[in-house]
$ cat upload-v9.cif   # mmCIF, C-alpha atoms
data_final
#
loop_
_atom_site.label_atom_id
_atom_site.label_comp_id
_atom_site.auth_asym_id
_atom_site.auth_seq_id
_atom_site.Cartn_x
_atom_site.Cartn_y
_atom_site.Cartn_z
CA MET A 1 34.77 126.42 263.22
CA PRO A 2 37.41 123.98 261.89
CA ILE A 3 36.43 121.62 259.09
CA SER A 4 36.76 117.96 260.02
CA GLY A 5 38.24 115.74 257.30
CA THR A 6 38.32 116.67 253.63
CA PRO A 7 35.86 119.44 252.77
CA SER A 8 33.47 119.19 249.86
CA ARG A 9 33.84 121.82 247.18
CA ALA A 10 30.89 123.74 248.61
CA GLN A 11 32.33 123.57 252.14
CA LEU A 12 35.70 124.81 250.93
CA VAL A 13 34.15 127.71 249.03
CA ASP A 14 32.26 128.71 252.16
CA HIS A 15 35.42 128.42 254.25
CA LEU A 16 37.46 130.53 251.82
CA VAL A 17 34.86 133.29 251.99
CA ARG A 18 34.48 133.18 255.78
CA THR A 19 38.25 133.39 256.34
CA ARG A 20 38.69 135.97 253.56
CA ILE A 21 41.18 133.82 251.67
CA ALA A 22 38.78 134.58 248.81
CA GLY A 23 35.56 136.55 248.45
CA ASP A 24 35.81 140.08 249.90
CA VAL A 25 39.54 140.10 250.55
CA ALA A 26 41.61 142.58 252.55
CA THR A 27 43.64 143.84 249.59
CA PRO A 28 42.00 147.14 248.55
CA ARG A 29 41.02 147.97 244.99
CA GLU A 30 43.38 150.95 244.77
CA ASN A 31 46.35 148.72 245.66
CA ASN A 32 45.36 146.22 242.97
CA LEU A 33 45.09 148.87 240.28
CA SER A 34 48.36 150.49 241.33
CA HIS A 35 50.19 147.19 240.90
CA TYR A 36 48.57 146.51 237.53
CA ARG A 37 49.67 149.95 236.36
CA ARG A 38 53.23 149.50 237.58
CA LEU A 39 53.51 146.13 235.86
CA ALA A 40 52.19 147.63 232.63
CA ASN A 41 54.66 150.52 232.95
CA GLY A 42 57.56 148.07 233.02
CA ASP A 43 58.40 148.04 236.75
CA ARG A 44 60.21 144.70 236.95
CA HIS A 45 59.55 144.39 240.68
CA TYR A 46 56.00 143.47 239.68
CA TRP A 47 57.03 141.01 236.96
CA LEU A 48 57.80 138.38 239.64
CA GLY A 49 60.80 136.85 237.90
CA LEU A 50 59.10 136.71 234.51
CA GLU A 51 60.06 138.38 231.23
CA LEU A 52 56.88 140.07 230.02
CA GLY A 53 58.48 142.16 227.29
CA ASP A 54 56.04 144.65 225.77
CA ARG A 55 53.08 142.27 225.78
CA TRP A 56 51.29 143.80 228.79
CA THR A 57 51.76 147.55 228.45
CA ASP A 58 48.04 148.34 228.75
CA GLU A 59 46.79 148.12 232.33
CA GLN A 60 43.26 147.50 231.05
CA ASP A 61 44.49 144.27 229.44
CA VAL A 62 45.99 143.28 232.78
CA LEU A 63 42.71 144.06 234.53
CA ALA A 64 40.81 141.92 232.00
CA VAL A 65 43.01 138.89 232.73
CA MET A 66 42.68 139.44 236.47
CA ALA A 67 38.91 139.64 236.20
CA GLU A 68 38.85 136.40 234.20
CA ARG A 69 41.32 134.36 236.24
CA VAL A 70 41.02 135.86 239.74
CA GLY A 71 37.58 137.39 239.88
CA VAL A 72 38.47 141.00 240.64
CA ASN A 73 35.89 143.61 239.64
CA ASP A 74 36.12 144.13 235.86
CA ASP A 75 34.81 147.71 235.98
CA ALA A 76 37.72 150.02 235.12
CA GLU A 77 35.84 152.88 236.79
CA HIS A 78 35.83 151.07 240.15
CA ARG A 79 38.93 152.76 241.54
CA TYR A 80 38.63 152.53 245.34
CA GLY A 81 37.23 150.31 248.05
CA GLN A 82 36.49 146.61 248.12
CA ASP A 83 37.86 144.12 245.62
CA THR A 84 37.29 140.41 245.34
CA ILE A 85 38.73 137.00 244.56
CA ASP A 86 36.18 134.55 243.21
CA PRO A 87 36.37 131.48 245.49
CA GLU A 88 35.13 129.27 242.66
CA LEU A 89 38.19 130.30 240.63
CA THR A 90 40.41 129.55 243.62
CA VAL A 91 39.00 126.04 243.86
CA ASP A 92 39.20 125.56 240.08
CA ALA A 93 42.91 126.39 240.25
CA LEU A 94 43.44 124.08 243.23
CA GLU A 95 41.88 121.28 241.21
CA ARG A 96 44.21 122.00 238.27
CA LEU A 97 47.15 121.98 240.66
CA SER A 98 46.00 118.70 242.19
CA LEU A 99 46.16 117.07 238.75
CA ARG A 100 49.75 118.25 238.30
CA LEU A 101 50.66 116.93 241.76
CA ARG A 102 49.04 113.61 240.91
CA LYS A 103 51.27 113.35 237.82
CA ALA A 104 54.32 114.21 239.90
CA ALA A 105 53.48 111.41 242.33
CA GLU A 106 52.74 108.85 239.63
CA ASP A 107 56.02 109.60 237.84
CA ARG A 108 58.09 109.91 241.06
CA GLN A 109 59.25 113.32 239.97
CA ARG A 110 61.81 115.64 241.56
CA VAL A 111 59.92 118.54 243.13
CA LEU A 112 61.14 121.80 244.62
CA PHE A 113 59.07 123.89 247.03
CA ALA A 114 59.66 127.55 247.86
CA THR A 115 57.81 130.49 249.37
CA GLY A 116 58.20 134.22 249.64
CA HIS A 117 55.29 134.30 252.11
CA PRO A 118 56.50 132.11 254.99
CA GLY A 119 54.10 133.81 257.42
CA GLY A 120 51.12 132.54 255.47
CA LEU A 121 52.01 129.78 253.04
CA LEU A 122 54.96 127.91 254.54
CA ASP A 123 52.84 125.12 255.98
CA VAL A 124 50.83 124.74 252.77
CA HIS A 125 54.08 123.98 250.95
CA ARG A 126 55.49 121.87 253.78
CA ALA A 127 52.43 119.62 253.90
CA THR A 128 52.42 119.24 250.13
CA ALA A 129 56.11 118.34 250.14
CA ALA A 130 55.58 115.75 252.88
CA ALA A 131 52.73 114.15 250.95
CA LEU A 132 54.77 113.92 247.75
CA ARG A 133 57.76 112.53 249.62
CA ALA A 134 55.53 109.83 251.10
CA ALA A 135 54.33 109.03 247.58
CA GLY A 136 57.90 108.42 246.42
CA CYS A 137 58.89 111.78 244.99
CA GLU A 138 62.30 113.29 245.60
CA ILE A 139 62.06 116.67 247.31
CA VAL A 140 64.94 118.67 245.89
CA VAL A 141 67.59 119.71 248.41
CA ILE A 142 68.93 123.13 247.47
CA PRO A 143 72.66 123.90 247.28
CA GLU A 144 74.30 125.40 250.36
CA ARG A 145 75.61 128.95 250.83
CA LEU A 146 73.22 130.60 248.40
CA GLN A 147 72.78 134.34 248.76
CA THR A 148 70.99 137.25 247.09
CA ASP A 149 71.09 140.97 247.78
CA GLU A 150 68.22 140.47 250.24
CA GLY A 151 69.67 137.65 252.30
CA TYR A 152 70.46 133.94 252.37
CA VAL A 153 68.46 131.28 250.53
CA VAL A 154 67.91 128.36 252.89
CA GLN A 155 65.62 125.37 253.19
CA PHE A 156 63.28 125.00 256.13
CA ALA A 157 60.83 122.09 256.49
CA ASP A 158 61.58 121.07 252.87
CA VAL A 159 60.67 124.57 251.64
CA ALA A 160 63.17 127.08 250.26
CA VAL A 161 62.86 130.50 251.90
CA LEU A 162 64.81 133.72 252.21
CA GLU A 163 66.51 134.26 255.57
CA HIS A 164 67.68 137.66 256.76
CA GLY A 165 68.83 138.52 260.25
CA ALA A 166 67.79 135.10 261.63
CA THR A 167 64.26 135.76 260.32
CA LEU A 168 62.34 134.15 257.48
CA TRP A 169 61.84 136.96 255.00
CA HIS A 170 58.90 138.08 252.86
CA THR A 171 59.96 138.56 249.25
CA HIS A 172 58.37 138.61 245.80
CA SER A 173 61.74 138.59 244.05
CA GLY A 174 62.72 135.94 241.54
CA GLU A 175 66.37 136.20 242.56
CA PRO A 176 66.26 133.47 245.25
CA MET A 177 64.94 130.98 242.67
CA ARG A 178 67.59 132.14 240.23
CA ALA A 179 70.20 131.38 242.89
CA ILE A 180 68.79 127.88 243.45
CA LEU A 181 68.55 126.88 239.79
CA THR A 182 71.94 128.39 238.97
CA GLY A 183 73.41 126.58 241.96
CA LEU A 184 71.97 123.25 240.85
CA GLU A 185 73.36 123.74 237.34
CA ARG A 186 76.77 124.73 238.73
CA GLU A 187 76.88 121.50 240.74
CA GLY A 188 75.90 119.46 237.67
CA ARG A 189 72.61 118.40 239.22
CA ASP A 190 69.34 118.01 237.36
CA LEU A 191 66.79 120.78 237.62
CA PRO A 192 63.45 119.94 239.26
CA ASP A 193 60.70 118.32 237.23
CA LEU A 194 58.27 120.62 239.03
CA VAL A 195 58.47 123.74 241.17
CA VAL A 196 55.56 124.52 243.51
CA ALA A 197 56.03 127.99 244.95
CA ASP A 198 54.55 131.48 244.92
CA HIS A 199 55.28 134.93 243.55
CA GLY A 200 58.75 135.48 242.09
CA TRP A 201 59.95 132.04 243.11
CA ALA A 202 57.36 130.45 240.81
CA GLY A 203 57.69 133.12 238.13
CA TYR A 204 61.45 132.76 237.70
CA ALA A 205 61.24 128.96 237.61
CA ALA A 206 58.59 129.10 234.89
CA GLN A 207 60.61 131.65 232.91
CA HIS A 208 63.64 129.34 233.21
CA GLY A 209 61.66 126.59 231.50
CA VAL A 210 60.84 124.47 234.55
CA ASP A 211 57.27 123.23 235.05
CA ALA A 212 55.98 125.55 237.75
CA ALA A 213 52.81 126.33 239.65
CA GLY A 214 52.25 129.07 242.18
CA TYR A 215 49.99 130.94 244.53
CA ALA A 216 49.45 134.70 244.21
CA ASP A 217 47.25 137.47 245.56
CA CYS A 218 44.95 139.70 243.54
CA ASN A 219 47.51 142.53 243.61
CA ASP A 220 50.21 140.33 242.02
CA PRO A 221 49.08 139.89 238.41
CA ALA A 222 52.26 138.53 236.80
CA LEU A 223 51.66 134.84 237.54
CA PHE A 224 48.15 135.03 236.12
CA LEU A 225 49.45 136.67 232.96
CA ALA A 226 52.05 133.89 232.71
CA GLU A 227 49.38 131.24 233.12
CA SER A 228 47.30 132.89 230.38
CA GLU A 229 50.34 132.73 228.08
CA GLY A 230 51.16 129.13 228.98
CA THR A 231 54.48 129.91 230.71
CA LEU A 232 53.21 128.94 234.16
CA GLN A 233 51.15 125.78 234.54
CA VAL A 234 48.83 126.90 237.33
CA ALA A 235 48.30 130.14 239.24
CA VAL A 236 46.10 129.85 242.34
CA PRO A 237 44.39 133.10 243.39
CA LEU A 238 44.12 133.73 247.13
CA ASP A 239 44.85 136.21 249.87
CA ASP A 240 48.35 135.06 250.74
CA HIS A 241 48.48 136.25 254.35
CA VAL A 242 45.24 136.03 256.30
CA VAL A 243 44.85 136.29 260.07
CA SER A 244 45.88 132.70 260.82
CA PRO A 245 47.94 130.31 258.69
CA ARG A 246 45.70 127.53 260.01
CA HIS A 247 42.92 128.93 257.82
CA TYR A 248 44.73 127.40 254.83
CA ASP A 249 44.52 123.86 256.25
CA PRO A 250 41.18 122.88 254.65
CA MET A 251 42.44 124.18 251.31
CA THR A 252 45.59 122.08 251.62
CA THR A 253 43.58 119.01 252.56
CA TYR A 254 41.31 119.51 249.55
CA LEU A 255 44.35 119.90 247.28
CA LEU A 256 46.09 116.78 248.54
CA SER A 257 42.91 114.71 248.46
CA GLY A 258 42.32 115.69 244.84
CA ALA A 259 45.88 114.63 244.02
CA GLY A 260 45.35 111.22 245.62
CA LEU A 261 47.93 112.01 248.30
CA LEU A 262 45.77 111.47 251.39
#
$ encode --input "upload-v9.cif" --output "structure tokens"
Amino acid sequence: MPISGTPSRAQLVDHLVRTRIAGDVATPRENNLSHYRRLANGDRHYWLGLELGDRWTDEQDVLAVMAERVGVNDDAEHRYGQDTIDPELTVDALERLSLRLRKAAEDRQRVLFATGHPGGLLDVHRATAAALRAAGCEIVVIPERLQTDEGYVVQFADVAVLEHGATLWHTHSGEPMRAILTGLEREGRDLPDLVVADHGWAGYAAQHGVDAAGYADCNDPALFLAESEGTLQVAVPLDDHVVSPRHYDPMTTYLLSGAGLL
């Protein structure tokens, strides 16, 4: 059943588990471990716009960070089957993000929103952008005619997305964010004070030196490694595409309430 008003922490934890945003998530253990291994082996597709160098070449080190910051099973011998996201860690990260949003609102900062998961997270970003705009922040308008090898970088409902074939496109690449920041610099415009995004969009912004926070799934370890190193300000663990995007509404309400934006 929908949650009326702003949920308590306990209500939100229960909701995250019931909707499988956290708890026993749909992403299988074998997929998680495969991605950790590929990142450790230097596959840049899994670096999500970050430059990890040779700091994470042991997949067991990656697993240890993911167990600590996401709540996946820390047993290296658990190779198949169910894996988890700790909902308490999800809410902890939302609370850290709410503090950064509060600062953005208090300082009337310039904020850029972007998503590579428009089917799940677009409205989370849209609602956050609307709340910050109402608080006096400038929501950064991206340059026009931006393009990557995957498609066009456009802005929809104040959120930058990748468009391909008249469809909003799923991507973990950092290249769309590279195109935005390079485009802003080319036009002589200031970079954002804060980027709120996910996956490679957040990773590239953080690597570029912009304050950035992002959402990521338990099979996308790079943002959590970046948070552990201090490159990324906040990484929020969640299943990034559950059955209904409306399931994220209570989470968004909790986030905005904590930031003083409701």
$ atom_distance --input "upload-v9.cif" --atom1 "atom CA of A:Asp190" --atom2 "atom CA of A:Ala130"
20.9 Å
$ resolve_selection --input "upload-v9.cif" --expression "the PyMOL selection byres ((chain A and resi 90) around 9)" --output "compact mmCIF listing (two decimals) with C-alpha atoms, in the frame of the given file"
# COMPACT_ATOMS: atom_id res chain seq x y z
CA VAL A 13 34.15 127.71 249.03
CA LEU A 16 37.46 130.53 251.82
CA ALA A 22 38.78 134.58 248.81
CA ARG A 69 41.32 134.36 236.24
CA VAL A 70 41.02 135.86 239.74
CA ILE A 85 38.73 137.00 244.56
CA ASP A 86 36.18 134.55 243.21
CA PRO A 87 36.37 131.48 245.49
CA GLU A 88 35.13 129.27 242.66
CA LEU A 89 38.19 130.30 240.63
CA VAL A 91 39.00 126.04 243.86
CA ASP A 92 39.20 125.56 240.08
CA ALA A 93 42.91 126.39 240.25
CA LEU A 94 43.44 124.08 243.23
CA GLU A 95 41.88 121.28 241.21
CA VAL A 236 46.10 129.85 242.34
CA PRO A 237 44.39 133.10 243.39
CA LEU A 238 44.12 133.73 247.13
$ closest_residue --input "upload-v9.cif" --among "A:Pro28, A:Gly165, A:Gly200, A:Gly136" --to "A:His45" --atoms "all atoms listed in the file"
A:Gly200
$ resolve_selection --input "upload-v9.cif" --expression "the PyMOL selection byres ((chain A and resi 156) around 12)" --output "ChimeraX atom specification"
/A:113-115,118,122-123,125-126,129,141-142,153-155,157-163,167-168
$ resolve_selection --input "upload-v9.cif" --expression "the PyMOL selection byres ((chain A and resi 57) around 8)" --output "PDB file with C-alpha atoms, keeping the file's coordinate frame"
ATOM      1  CA  LEU A  39      53.510 146.130 235.860  1.00  0.00           C
ATOM      2  CA  ALA A  40      52.190 147.630 232.630  1.00  0.00           C
ATOM      3  CA  ASN A  41      54.660 150.520 232.950  1.00  0.00           C
ATOM      4  CA  GLY A  42      57.560 148.070 233.020  1.00  0.00           C
ATOM      5  CA  ASP A  54      56.040 144.650 225.770  1.00  0.00           C
ATOM      6  CA  ARG A  55      53.080 142.270 225.780  1.00  0.00           C
ATOM      7  CA  TRP A  56      51.290 143.800 228.790  1.00  0.00           C
ATOM      8  CA  ASP A  58      48.040 148.340 228.750  1.00  0.00           C
ATOM      9  CA  GLU A  59      46.790 148.120 232.330  1.00  0.00           C
TER      10      GLU A  59
END
$ residues_near_point --input "upload-v9.cif" --point "(59.8, 134.2, 238.0)" --cutoff "7 Å" --atoms "only C-alpha atoms" --output "VMD selection string"
chain A and resid 48 to 50 174 200 to 207
$ residues_around --input "upload-v9.cif" --residues "A:Asp239" --least-positions-apart "2" --cutoff "9 Å" --atoms "only C-alpha atoms" --output "list in words"
Arg20, Ile21, Ala22, Val25, Ala26, Thr27, Ile85, Ala216, Asp217, Cys218, Pro237, His241 and Val242 of chain A
$ closest_residue --input "upload-v9.cif" --among "A:Leu232, A:Asn219, A:Asp14, A:Leu255" --to "A:Asn31" --atoms "only C-alpha atoms"
A:Asn219
$ atom_distance --input "upload-v9.cif" --atom1 "atom CA of A:His170" --atom2 "atom CA of A:Ala259"
28.2 Å
$ closest_residue --input "upload-v9.cif" --among "A:Glu175, A:Asp75, A:Leu261, A:Val17" --to "A:Leu132" --atoms "only C-alpha atoms"
A:Leu261
$ atom_distance --input "upload-v9.cif" --atom1 "atom CA of A:Ser257" --atom2 "atom CA of A:Thr6"
7.2 Å
$ closest_residue --input "upload-v9.cif" --among "A:His15, A:Arg79, A:Arg100, A:Arg246" --to "A:Val234" --atoms "all atoms listed in the file"
A:Arg100
$ residues_around --input "upload-v9.cif" --residues "A:Leu146" --least-positions-apart "6" --cutoff "9 Å" --atoms "all atoms listed in the file" --output "tab-separated table (two decimals) with C-alpha atoms, keeping the file's coordinate frame"
chain	number	residue	atom	x	y	z
A	152	TYR	CA	70.46	133.94	252.37
A	153	VAL	CA	68.46	131.28	250.53
A	154	VAL	CA	67.91	128.36	252.89
A	176	PRO	CA	66.26	133.47	245.25
A	179	ALA	CA	70.20	131.38	242.89
A	180	ILE	CA	68.79	127.88	243.45
A	183	GLY	CA	73.41	126.58	241.96
$ closest_residue --input "upload-v9.cif" --among "A:His247, A:His117, A:Arg29, A:His172" --to "A:Asn73" --atoms "all atoms listed in the file"
A:Arg29
$ axis_aligned_box --input "upload-v9.cif" --around "stretch 46-50 of chain A" --padding-each-side "3 Å" --output "JSON"
{"center_x": 58.4, "center_y": 140.1, "center_z": 237.1, "size_x": 10.8, "size_y": 12.8, "size_z": 11.2}
$ closest_residue --input "upload-v9.cif" --among "A:Val124, A:Lys103, A:Ala212, A:Ala64" --to "A:Pro250" --atoms "all atoms listed in the file"
A:Val124
$ decode --input "upload-v9.cif" --residues "stretch 231-255 of chain A" --atoms "N, CA, C and O atoms" --output "PDB file, in the first residue's frame"
ATOM      1  N   THR A 231      36.350  10.574  -3.685  1.00  0.00           N
ATOM      2  CA  THR A 231      36.151  11.242  -4.968  1.00  0.00           C
ATOM      3  C   THR A 231      34.696  11.632  -5.159  1.00  0.00           C
ATOM      4  O   THR A 231      34.389  12.729  -5.642  1.00  0.00           O
ATOM      5  N   LEU A 232      33.804  10.742  -4.791  1.00  0.00           N
ATOM      6  CA  LEU A 232      32.359  10.968  -4.866  1.00  0.00           C
ATOM      7  C   LEU A 232      31.838  11.260  -3.465  1.00  0.00           C
ATOM      8  O   LEU A 232      32.242  10.606  -2.506  1.00  0.00           O
ATOM      9  N   GLN A 233      30.942  12.226  -3.344  1.00  0.00           N
ATOM     10  CA  GLN A 233      30.472  12.608  -2.022  1.00  0.00           C
ATOM     11  C   GLN A 233      29.543  11.576  -1.403  1.00  0.00           C
ATOM     12  O   GLN A 233      29.672  11.247  -0.224  1.00  0.00           O
ATOM     13  N   VAL A 234      28.592  11.089  -2.180  1.00  0.00           N
ATOM     14  CA  VAL A 234      27.626  10.116  -1.660  1.00  0.00           C
ATOM     15  C   VAL A 234      27.278   9.121  -2.763  1.00  0.00           C
ATOM     16  O   VAL A 234      27.020   9.517  -3.904  1.00  0.00           O
ATOM     17  N   ALA A 235      27.257   7.847  -2.417  1.00  0.00           N
ATOM     18  CA  ALA A 235      26.736   6.809  -3.308  1.00  0.00           C
ATOM     19  C   ALA A 235      25.591   6.106  -2.586  1.00  0.00           C
ATOM     20  O   ALA A 235      25.771   5.583  -1.481  1.00  0.00           O
ATOM     21  N   VAL A 236      24.417   6.119  -3.186  1.00  0.00           N
ATOM     22  CA  VAL A 236      23.217   5.538  -2.586  1.00  0.00           C
ATOM     23  C   VAL A 236      22.972   4.159  -3.194  1.00  0.00           C
ATOM     24  O   VAL A 236      22.722   4.049  -4.393  1.00  0.00           O
ATOM     25  N   PRO A 237      23.014   3.096  -2.386  1.00  0.00           N
ATOM     26  CA  PRO A 237      22.777   1.759  -2.927  1.00  0.00           C
ATOM     27  C   PRO A 237      21.288   1.440  -3.037  1.00  0.00           C
ATOM     28  O   PRO A 237      20.532   1.615  -2.081  1.00  0.00           O
ATOM     29  N   LEU A 238      20.884   0.977  -4.216  1.00  0.00           N
ATOM     30  CA  LEU A 238      19.494   0.570  -4.425  1.00  0.00           C
ATOM     31  C   LEU A 238      19.385  -0.233  -5.707  1.00  0.00           C
ATOM     32  O   LEU A 238      20.263  -0.176  -6.564  1.00  0.00           O
ATOM     33  N   ASP A 239      18.312  -0.992  -5.829  1.00  0.00           N
ATOM     34  CA  ASP A 239      17.968  -1.576  -7.116  1.00  0.00           C
ATOM     35  C   ASP A 239      17.426  -0.436  -7.967  1.00  0.00           C
ATOM     36  O   ASP A 239      16.455   0.222  -7.601  1.00  0.00           O
ATOM     37  N   ASP A 240      18.076  -0.193  -9.101  1.00  0.00           N
ATOM     38  CA  ASP A 240      17.794   1.020  -9.865  1.00  0.00           C
ATOM     39  C   ASP A 240      16.686   0.875 -10.894  1.00  0.00           C
ATOM     40  O   ASP A 240      16.424   1.804 -11.651  1.00  0.00           O
ATOM     41  N   HIS A 241      16.024  -0.290 -10.932  1.00  0.00           N
ATOM     42  CA  HIS A 241      14.907  -0.432 -11.873  1.00  0.00           C
ATOM     43  C   HIS A 241      13.970  -1.523 -11.359  1.00  0.00           C
ATOM     44  O   HIS A 241      13.964  -2.645 -11.853  1.00  0.00           O
ATOM     45  N   VAL A 242      13.142  -1.166 -10.394  1.00  0.00           N
ATOM     46  CA  VAL A 242      12.162  -2.115  -9.872  1.00  0.00           C
ATOM     47  C   VAL A 242      10.889  -2.059 -10.711  1.00  0.00           C
ATOM     48  O   VAL A 242      10.802  -1.318 -11.693  1.00  0.00           O
ATOM     49  N   VAL A 243       9.900  -2.847 -10.307  1.00  0.00           N
ATOM     50  CA  VAL A 243       8.700  -3.055 -11.124  1.00  0.00           C
ATOM     51  C   VAL A 243       8.003  -1.747 -11.489  1.00  0.00           C
ATOM     52  O   VAL A 243       7.576  -1.552 -12.625  1.00  0.00           O
ATOM     53  N   SER A 244       7.883  -0.839 -10.539  1.00  0.00           N
ATOM     54  CA  SER A 244       7.203   0.431 -10.792  1.00  0.00           C
ATOM     55  C   SER A 244       8.062   1.593 -10.314  1.00  0.00           C
ATOM     56  O   SER A 244       8.534   1.584  -9.170  1.00  0.00           O
ATOM     57  N   PRO A 245       8.254   2.620 -11.149  1.00  0.00           N
ATOM     58  CA  PRO A 245       8.990   3.789 -10.672  1.00  0.00           C
ATOM     59  C   PRO A 245       8.306   4.506  -9.520  1.00  0.00           C
ATOM     60  O   PRO A 245       8.947   5.236  -8.778  1.00  0.00           O
ATOM     61  N   ARG A 246       7.014   4.277  -9.326  1.00  0.00           N
ATOM     62  CA  ARG A 246       6.305   4.888  -8.197  1.00  0.00           C
ATOM     63  C   ARG A 246       6.802   4.346  -6.854  1.00  0.00           C
ATOM     64  O   ARG A 246       6.621   4.984  -5.822  1.00  0.00           O
ATOM     65  N   HIS A 247       7.430   3.171  -6.881  1.00  0.00           N
ATOM     66  CA  HIS A 247       7.955   2.612  -5.634  1.00  0.00           C
ATOM     67  C   HIS A 247       9.042   3.502  -5.024  1.00  0.00           C
ATOM     68  O   HIS A 247       9.313   3.405  -3.828  1.00  0.00           O
ATOM     69  N   TYR A 248       9.665   4.353  -5.847  1.00  0.00           N
ATOM     70  CA  TYR A 248      10.714   5.234  -5.327  1.00  0.00           C
ATOM     71  C   TYR A 248      10.155   6.492  -4.655  1.00  0.00           C
ATOM     72  O   TYR A 248      10.903   7.245  -4.032  1.00  0.00           O
ATOM     73  N   ASP A 249       8.847   6.728  -4.777  1.00  0.00           N
ATOM     74  CA  ASP A 249       8.276   7.975  -4.256  1.00  0.00           C
ATOM     75  C   ASP A 249       8.507   8.167  -2.757  1.00  0.00           C
ATOM     76  O   ASP A 249       8.904   9.273  -2.328  1.00  0.00           O
ATOM     77  N   PRO A 250       8.250   7.173  -1.907  1.00  0.00           N
ATOM     78  CA  PRO A 250       8.500   7.390  -0.475  1.00  0.00           C
ATOM     79  C   PRO A 250       9.966   7.695  -0.168  1.00  0.00           C
ATOM     80  O   PRO A 250      10.268   8.493   0.726  1.00  0.00           O
ATOM     81  N   MET A 251      10.864   7.081  -0.901  1.00  0.00           N
ATOM     82  CA  MET A 251      12.289   7.350  -0.739  1.00  0.00           C
ATOM     83  C   MET A 251      12.597   8.806  -1.085  1.00  0.00           C
ATOM     84  O   MET A 251      13.342   9.497  -0.369  1.00  0.00           O
ATOM     85  N   THR A 252      12.008   9.286  -2.177  1.00  0.00           N
ATOM     86  CA  THR A 252      12.237  10.667  -2.594  1.00  0.00           C
ATOM     87  C   THR A 252      11.665  11.637  -1.565  1.00  0.00           C
ATOM     88  O   THR A 252      12.294  12.651  -1.229  1.00  0.00           O
ATOM     89  N   THR A 253      10.495  11.337  -1.062  1.00  0.00           N
ATOM     90  CA  THR A 253       9.880  12.186  -0.037  1.00  0.00           C
ATOM     91  C   THR A 253      10.756  12.234   1.216  1.00  0.00           C
ATOM     92  O   THR A 253      10.962  13.313   1.799  1.00  0.00           O
ATOM     93  N   TYR A 254      11.266  11.089   1.636  1.00  0.00           N
ATOM     94  CA  TYR A 254      12.146  11.047   2.801  1.00  0.00           C
ATOM     95  C   TYR A 254      13.395  11.880   2.553  1.00  0.00           C
ATOM     96  O   TYR A 254      13.836  12.644   3.439  1.00  0.00           O
ATOM     97  N   LEU A 255      13.981  11.772   1.365  1.00  0.00           N
ATOM     98  CA  LEU A 255      15.173  12.533   1.019  1.00  0.00           C
ATOM     99  C   LEU A 255      14.911  14.036   1.081  1.00  0.00           C
ATOM    100  O   LEU A 255      15.671  14.780   1.694  1.00  0.00           O
TER     101      LEU A 255
END
